Structure formats: structure tokens, C-alpha cells
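The file start_22.cif contains mmCIF, C-alpha atoms:
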data_model
#
loop_
_atom_site.group_PDB
_atom_site.id
_atom_site.type_symbol
_atom_site.label_atom_id
_atom_site.label_comp_id
_atom_site.auth_asym_id
_atom_site.auth_seq_id
_atom_site.Cartn_x
_atom_site.Cartn_y
_atom_site.Cartn_z
ATOM 1 C CA MET A 1 128.096 79.231 108.523
ATOM 2 C CA ARG A 2 129.295 80.396 105.114
ATOM 3 C CA TYR A 3 126.009 79.258 103.490
ATOM 4 C CA VAL A 4 123.976 81.221 106.030
ATOM 5 C CA LEU A 5 126.050 84.330 105.279
ATOM 6 C CA TYR A 6 125.660 83.820 101.505
ATOM 7 C CA GLY A 7 121.933 83.237 101.941
ATOM 8 C CA ALA A 8 121.498 86.400 104.024
ATOM 9 C CA LEU A 9 123.571 88.412 101.539
ATOM 10 C CA SER A 10 121.509 87.048 98.637
ATOM 11 C CA ILE A 11 118.243 88.019 100.339
ATOM 12 C CA PHE A 12 119.633 91.476 101.100
ATOM 13 C CA LEU A 13 120.675 91.968 97.461
ATOM 14 C CA VAL A 14 117.274 90.855 96.164
ATOM 15 C CA ILE A 15 115.578 93.378 98.465
ATOM 16 C CA VAL A 16 117.919 96.195 97.396
ATOM 17 C CA VAL A 17 117.441 95.405 93.694
ATOM 18 C CA ALA A 18 113.647 95.240 94.160
ATOM 19 C CA MET A 19 113.667 98.640 95.863
ATOM 20 C CA VAL A 20 115.948 100.275 93.286
ATOM 21 C CA PHE A 21 113.999 98.899 90.337
ATOM 22 C CA ALA A 22 110.609 99.093 92.021
ATOM 23 C CA PRO A 23 107.659 99.290 89.674
ATOM 24 C CA ASN A 24 105.370 102.297 89.314
ATOM 25 C CA HIS A 25 101.656 102.467 88.699
ATOM 26 C CA ARG A 26 99.284 105.388 88.263
ATOM 27 C CA VAL A 27 95.562 105.367 89.029
ATOM 28 C CA VAL A 28 93.694 108.406 87.666
ATOM 29 C CA THR A 29 89.977 109.123 87.917
ATOM 30 C CA GLU A 30 88.011 112.151 86.773
ATOM 31 C CA ILE A 31 84.559 113.599 87.335
ATOM 32 C CA SER A 32 82.676 116.780 86.537
ATOM 33 C CA ILE A 33 81.012 118.455 89.513
ATOM 34 C CA ASP A 34 78.318 121.057 88.965
ATOM 35 C CA ALA A 35 79.684 123.372 91.664
ATOM 36 C CA ALA A 36 82.389 126.010 91.828
ATOM 37 C CA PRO A 37 85.913 124.932 92.808
ATOM 38 C CA ALA A 38 85.498 126.875 96.088
ATOM 39 C CA ASP A 39 82.490 124.728 97.016
ATOM 40 C CA VAL A 40 84.252 121.487 96.087
ATOM 41 C CA TRP A 41 87.363 122.583 98.005
ATOM 42 C CA ASN A 42 85.316 123.390 101.103
ATOM 43 C CA VAL A 43 83.952 119.843 101.162
ATOM 44 C CA LEU A 44 87.303 118.226 100.333
ATOM 45 C CA ALA A 45 89.264 120.221 102.926
ATOM 46 C CA ASP A 46 86.786 119.646 105.779
ATOM 47 C CA GLY A 47 88.136 116.365 107.154
ATOM 48 C CA VAL A 48 85.959 116.611 110.273
ATOM 49 C CA ARG A 49 82.875 116.010 108.118
ATOM 50 C CA TYR A 50 84.289 113.082 106.113
ATOM 51 C CA PRO A 51 82.306 110.511 108.150
ATOM 52 C CA GLU A 52 79.102 112.215 106.935
ATOM 53 C CA TRP A 53 79.722 111.629 103.238
ATOM 54 C CA ASN A 54 83.013 109.949 102.313
ATOM 55 C CA PRO A 55 82.767 106.181 101.703
ATOM 56 C CA PHE A 56 86.537 105.733 101.205
ATOM 57 C CA ILE A 57 88.490 108.105 103.458
ATOM 58 C CA VAL A 58 86.094 107.890 106.359
ATOM 59 C CA ARG A 59 88.164 110.148 108.591
ATOM 60 C CA MET A 60 90.866 112.779 108.018
ATOM 61 C CA ASP A 61 92.516 114.430 111.004
ATOM 62 C CA GLY A 62 95.260 117.033 110.935
ATOM 63 C CA GLU A 63 96.143 120.359 109.405
ATOM 64 C CA LEU A 64 96.151 120.840 105.653
ATOM 65 C CA THR A 65 99.516 122.554 105.699
ATOM 66 C CA PRO A 66 102.540 121.501 103.634
ATOM 67 C CA GLY A 67 104.873 119.506 105.868
ATOM 68 C CA ALA A 68 102.118 118.484 108.301
ATOM 69 C CA THR A 69 101.160 114.882 108.933
ATOM 70 C CA LEU A 70 97.561 113.773 108.569
ATOM 71 C CA GLN A 71 95.914 110.771 110.129
ATOM 72 C CA ASN A 72 93.599 109.253 107.540
ATOM 73 C CA THR A 73 91.330 106.282 108.069
ATOM 74 C CA LEU A 74 90.479 104.329 104.916
ATOM 75 C CA GLN A 75 87.595 101.944 104.413
ATOM 76 C CA PRO A 76 88.449 100.258 101.116
ATOM 77 C CA GLU A 77 85.854 98.038 99.472
ATOM 78 C CA PRO A 78 86.440 95.207 99.816
ATOM 79 C CA GLY A 79 88.694 95.230 102.832
ATOM 80 C CA ARG A 80 89.039 96.320 106.371
ATOM 81 C CA GLN A 81 89.635 99.745 107.806
ATOM 82 C CA MET A 82 93.217 100.967 107.949
ATOM 83 C CA VAL A 83 94.934 104.078 109.271
ATOM 84 C CA PHE A 84 97.839 105.767 107.563
ATOM 85 C CA ARG A 85 99.737 108.952 108.271
ATOM 86 C CA PRO A 86 100.647 110.765 105.055
ATOM 87 C CA LEU A 87 102.816 113.846 104.755
ATOM 88 C CA VAL A 88 101.011 116.834 103.237
ATOM 89 C CA LEU A 89 102.923 117.983 100.145
ATOM 90 C CA THR A 90 100.748 120.607 98.438
ATOM 91 C CA VAL A 91 97.803 122.701 99.563
ATOM 92 C CA GLU A 92 96.510 125.216 97.033
ATOM 93 C CA PRO A 93 92.924 126.062 98.009
ATOM 94 C CA GLU A 94 90.445 125.534 95.198
ATOM 95 C CA ARG A 95 93.199 124.008 93.010
ATOM 96 C CA GLU A 96 95.260 121.155 94.476
ATOM 97 C CA LEU A 97 95.667 118.890 97.492
ATOM 98 C CA ARG A 98 98.475 116.332 97.529
ATOM 99 C CA TRP A 99 99.980 114.035 100.162
ATOM 100 C CA LEU A 100 102.516 111.216 100.335
ATOM 101 C CA GLY A 101 101.748 108.004 102.156
ATOM 102 C CA ARG A 102 104.509 105.529 102.829
ATOM 103 C CA LEU A 103 104.696 102.017 104.221
ATOM 104 C CA PHE A 104 107.635 101.915 106.659
ATOM 105 C CA ILE A 105 110.538 103.176 104.551
ATOM 106 C CA PRO A 106 110.801 104.692 101.053
ATOM 107 C CA ARG A 107 110.377 102.432 98.026
ATOM 108 C CA ILE A 108 108.563 99.634 99.851
ATOM 109 C CA PHE A 109 105.091 100.996 99.022
ATOM 110 C CA ASP A 110 104.657 104.739 98.468
ATOM 111 C CA GLY A 111 101.558 106.523 97.264
ATOM 112 C CA GLU A 112 101.383 110.160 96.223
ATOM 113 C CA HIS A 113 97.655 110.884 96.412
ATOM 114 C CA TYR A 114 96.244 113.989 94.770
ATOM 115 C CA PHE A 115 93.133 115.995 93.977
ATOM 116 C CA LEU A 116 93.270 118.573 91.169
ATOM 117 C CA LEU A 117 90.384 121.023 90.783
ATOM 118 C CA GLU A 118 89.926 122.954 87.560
ATOM 119 C CA GLU A 119 87.146 125.434 86.847
ATOM 120 C CA ARG A 120 85.314 124.668 83.600
ATOM 121 C CA ASN A 121 82.294 126.740 82.605
ATOM 122 C CA GLY A 122 81.197 127.367 86.186
ATOM 123 C CA ALA A 123 81.674 123.725 87.181
ATOM 124 C CA THR A 124 84.667 121.846 88.578
ATOM 125 C CA HIS A 125 86.626 119.190 86.760
ATOM 126 C CA LEU A 126 88.130 116.952 89.463
ATOM 127 C CA THR A 127 91.104 114.736 88.742
ATOM 128 C CA HIS A 128 91.653 112.361 91.650
ATOM 129 C CA GLY A 129 94.511 109.919 91.536
ATOM 130 C CA GLU A 130 97.559 108.348 93.053
ATOM 131 C CA ASN A 131 101.062 107.590 91.836
ATOM 132 C CA PHE A 132 102.232 104.337 93.402
ATOM 133 C CA THR A 133 105.845 103.170 93.615
ATOM 134 C CA GLY A 134 107.566 100.430 95.544
ATOM 135 C CA ALA A 135 108.625 96.839 95.675
ATOM 136 C CA LEU A 136 105.253 95.683 97.047
ATOM 137 C CA LEU A 137 103.685 96.577 93.697
ATOM 138 C CA LEU A 138 105.017 93.208 92.602
ATOM 139 C CA PHE A 139 102.345 91.717 94.901
ATOM 140 C CA ILE A 140 99.625 94.415 95.147
ATOM 141 C CA ASP A 141 97.402 95.593 92.310
ATOM 142 C CA PRO A 142 96.799 99.343 92.772
ATOM 143 C CA GLU A 143 93.937 99.143 90.280
ATOM 144 C CA SER A 144 91.959 97.614 93.142
ATOM 145 C CA PHE A 145 91.733 101.175 94.565
ATOM 146 C CA ARG A 146 90.081 102.626 91.444
ATOM 147 C CA ALA A 147 86.526 101.750 92.528
ATOM 148 C CA ASN A 148 87.159 103.410 95.905
ATOM 149 C CA PHE A 149 88.420 106.602 94.247
ATOM 150 C CA GLU A 150 85.372 106.642 91.966
ATOM 151 C CA ALA A 151 83.002 106.093 94.909
ATOM 152 C CA MET A 152 84.628 109.010 96.725
ATOM 153 C CA ASN A 153 84.348 111.160 93.595
ATOM 154 C CA LEU A 154 80.614 110.470 93.301
ATOM 155 C CA ALA A 155 80.054 111.185 97.001
ATOM 156 C CA LEU A 156 82.070 114.413 96.747
ATOM 157 C CA LYS A 157 80.015 115.431 93.700
ATOM 158 C CA GLU A 158 76.747 114.745 95.523
ATOM 159 C CA ARG A 159 77.879 116.629 98.625
ATOM 160 C CA ALA A 160 79.244 119.698 96.781
ATOM 161 C CA GLU A 161 76.276 119.926 94.419
ATOM 162 C CA GLY A 162 73.916 119.599 97.391
ATOM 163 C CA LEU A 163 75.431 122.695 99.016
ATOM 164 C CA ARG A 164 74.337 124.964 96.159
#
Spell out the structure here as C-alpha cells.
Amino acid sequence: MRYVLYGALSIFLVIVVAMVFAPNHRVVTEISIDAAPADVWNVLADGVRYPEWNPFIVRMDGELTPGATLQNTLQPEPGRQMVFRPLVLTVEPERELRWLGRLFIPRIFDGEHYFLLEERNGATHLTHGENFTGALLLFIDPESFRANFEAMNLALKERAEGLR
């Protein structure tokens, strides 16, 4: 009985230490879009139309209001479709959209996803990234999402530029 208790306590301590000292990883992508930030924002904020153009986040339901919860459906390549429900953190039209996705409880696998729009000479510089934290980063490589972010960036560019 004592060994079972020691074993359970050891597992608990390993989990706590992994959560406290969880690794971090940042994935950042950038693209220039030949459209005004208002045009890029209108495409980005219109989740109803995501199935028409977005190869990565194939569906986004919910209100873009800080504190609201979205329901996003991802189609990562390679991989199968998954649904997650992030908390909207920041909504600044034509400037910034940011949400926090979390797997179960904090520090297991958290992702703060963001889109930053900056006007540059009549075009938009888009920075699209995610700050990952959590114990599961010991087993998951967030760099595997980079190609998906870049595919979304190119599709967003094509869609926004096509509206002009």
C-alpha cells in the first residue's frame, strides 16, 4: 500500500513540476497584403465565410467580443479536423484579433493565437502567430502548425486582394 501511495505521489509531483516549468514556443508568420487594413479585417472577422476561403480555420462561430467564446473548427495539414473553443482576448478592428485556446486546464497546452494588422504604404502587413505554453510541448512540436498559418495567410491575401 505504501508503494502505491509513493508511486501516486511521485506521478503527481512530476505532473506539477511539468506544469510549473512548462516550455514555451512561439510561431510567427508574416505576409504583405495589397489591400487596406479595413479590407483585410473584414475578411478576417467574417467567420461565416471562412469555409469559402480558409484552408486552416474552416469554420469560426461566435461573437468577436472580448470575453466571448468562439467555436473554431481547424483542418490542419496533415491531420484531422478538430474543434476548439477559445476565449476572445482582444478585438481592435483593423488592428488586432487575439484569442486563447486551452486544452482542459491551464498549463497543459495553451495557445494564444493572434493576428496583427499594420498599414504600410496603403497595404497591410499581417503578423499571424501563436504563443504556445504547456507541459504537452514536451511531446508536440508547434512548428508543425507553421505551414497551416502560412496557407491561411496566402488565402487571406488572395481573398482580401480580390475584393478590391
Notebook entry, point to check: Excluding same-chain residues fewer than 2 positions from Glu77 of chain A, what lies within 12 Å of it counting all atoms listed in the file, as a PyMOL selection string?
Noted result: chain A and resi 55-57+74-75+79-82+144-152
Just write the chosen residues, C-alpha atoms, as a PDB file, in the frame of the given file.
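Saved file out11.pdb follows:
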ATOM      1  CA  PRO A  55      82.767 106.181 101.703  1.00  0.00           C
ATOM      2  CA  PHE A  56      86.537 105.733 101.205  1.00  0.00           C
ATOM      3  CA  ILE A  57      88.490 108.105 103.458  1.00  0.00           C
ATOM      4  CA  LEU A  74      90.479 104.329 104.916  1.00  0.00           C
ATOM      5  CA  GLN A  75      87.595 101.944 104.413  1.00  0.00           C
ATOM      6  CA  GLY A  79      88.694  95.230 102.832  1.00  0.00           C
ATOM      7  CA  ARG A  80      89.039  96.320 106.371  1.00  0.00           C
ATOM      8  CA  GLN A  81      89.635  99.745 107.806  1.00  0.00           C
ATOM      9  CA  MET A  82      93.217 100.967 107.949  1.00  0.00           C
ATOM     10  CA  SER A 144      91.959  97.614  93.142  1.00  0.00           C
ATOM     11  CA  PHE A 145      91.733 101.175  94.565  1.00  0.00           C
ATOM     12  CA  ARG A 146      90.081 102.626  91.444  1.00  0.00           C
ATOM     13  CA  ALA A 147      86.526 101.750  92.528  1.00  0.00           C
ATOM     14  CA  ASN A 148      87.159 103.410  95.905  1.00  0.00           C
ATOM     15  CA  PHE A 149      88.420 106.602  94.247  1.00  0.00           C
ATOM     16  CA  GLU A 150      85.372 106.642  91.966  1.00  0.00           C
ATOM     17  CA  ALA A 151      83.002 106.093  94.909  1.00  0.00           C
ATOM     18  CA  MET A 152      84.628 109.010  96.725  1.00  0.00           C
TER      19      MET A 152
END
Next item on the list: Any chance you could resolve the PyMOL selection byres ((chain A and resi 124-136) around 8) against this file and give the residues as JSON, numbers by chain?
Entry: {"A": [18, 19, 21, 22, 23, 24, 25, 26, 27, 28, 29, 30, 31, 32, 33, 34, 35, 36, 37, 40, 106, 107, 108, 109, 110, 111, 112, 113, 114, 115, 116, 117, 118, 119, 120, 122, 123, 137, 138, 139, 140, 142, 149, 153]}
Taking (95.2, 118.4, 109.8) as a centre in this file's frame and 12 Å as the limit, can you find every polymer residue with an atom that close, using all atoms listed in the file, and give them as a PDB file with C-alpha atoms, keeping the file's coordinate frame?
ATOM      1  CA  ALA A  45      89.264 120.221 102.926  1.00  0.00           C
ATOM      2  CA  ASP A  46      86.786 119.646 105.779  1.00  0.00           C
ATOM      3  CA  GLY A  47      88.136 116.365 107.154  1.00  0.00           C
ATOM      4  CA  VAL A  48      85.959 116.611 110.273  1.00  0.00           C
ATOM      5  CA  ARG A  59      88.164 110.148 108.591  1.00  0.00           C
ATOM      6  CA  MET A  60      90.866 112.779 108.018  1.00  0.00           C
ATOM      7  CA  ASP A  61      92.516 114.430 111.004  1.00  0.00           C
ATOM      8  CA  GLY A  62      95.260 117.033 110.935  1.00  0.00           C
ATOM      9  CA  GLU A  63      96.143 120.359 109.405  1.00  0.00           C
ATOM     10  CA  LEU A  64      96.151 120.840 105.653  1.00  0.00           C
ATOM     11  CA  THR A  65      99.516 122.554 105.699  1.00  0.00           C
ATOM     12  CA  PRO A  66     102.540 121.501 103.634  1.00  0.00           C
ATOM     13  CA  GLY A  67     104.873 119.506 105.868  1.00  0.00           C
ATOM     14  CA  ALA A  68     102.118 118.484 108.301  1.00  0.00           C
ATOM     15  CA  THR A  69     101.160 114.882 108.933  1.00  0.00           C
ATOM     16  CA  LEU A  70      97.561 113.773 108.569  1.00  0.00           C
ATOM     17  CA  GLN A  71      95.914 110.771 110.129  1.00  0.00           C
ATOM     18  CA  ASN A  72      93.599 109.253 107.540  1.00  0.00           C
ATOM     19  CA  ARG A  85      99.737 108.952 108.271  1.00  0.00           C
ATOM     20  CA  PRO A  86     100.647 110.765 105.055  1.00  0.00           C
ATOM     21  CA  LEU A  87     102.816 113.846 104.755  1.00  0.00           C
ATOM     22  CA  VAL A  88     101.011 116.834 103.237  1.00  0.00           C
ATOM     23  CA  VAL A  91      97.803 122.701  99.563  1.00  0.00           C
ATOM     24  CA  TRP A  99      99.980 114.035 100.162  1.00  0.00           C
TER      25      TRP A  99
END
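For the structure shown here, the set of residues caught by the PyMOL selection byres ((chain A and resi 44) around 10) is A:Ala38, A:Asp39, A:Val40, A:Trp41, A:Asn42, A:Val43, A:Ala45, A:Asp46, A:Gly47, A:Arg49, A:Tyr50, A:Asn54, A:Pro93, A:Glu94, A:Leu97, A:Phe115, A:Leu156, A:Arg159, A:Ala160.
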Next item on the list: Work out how far apart atom CA of Gly101 of chain A and atom CA of Lys157 of chain A are and give it in Å to one decimal.
Entry: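 Calculated distance between atom CA of Gly101 of chain A and atom CA of Lys157 of chain A is 24.5 Å.
The spacing separating atom CA of Pro76 of chain A from atom CA of Val58 of chain A amounts to 9.6 Å.
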Note to self: Quick check, in Å to one decimal: how far apart do atom CA of Pro78 of chain A and atom CA of Glu158 of chain A lie?
What the structure shows: 22.2 Å
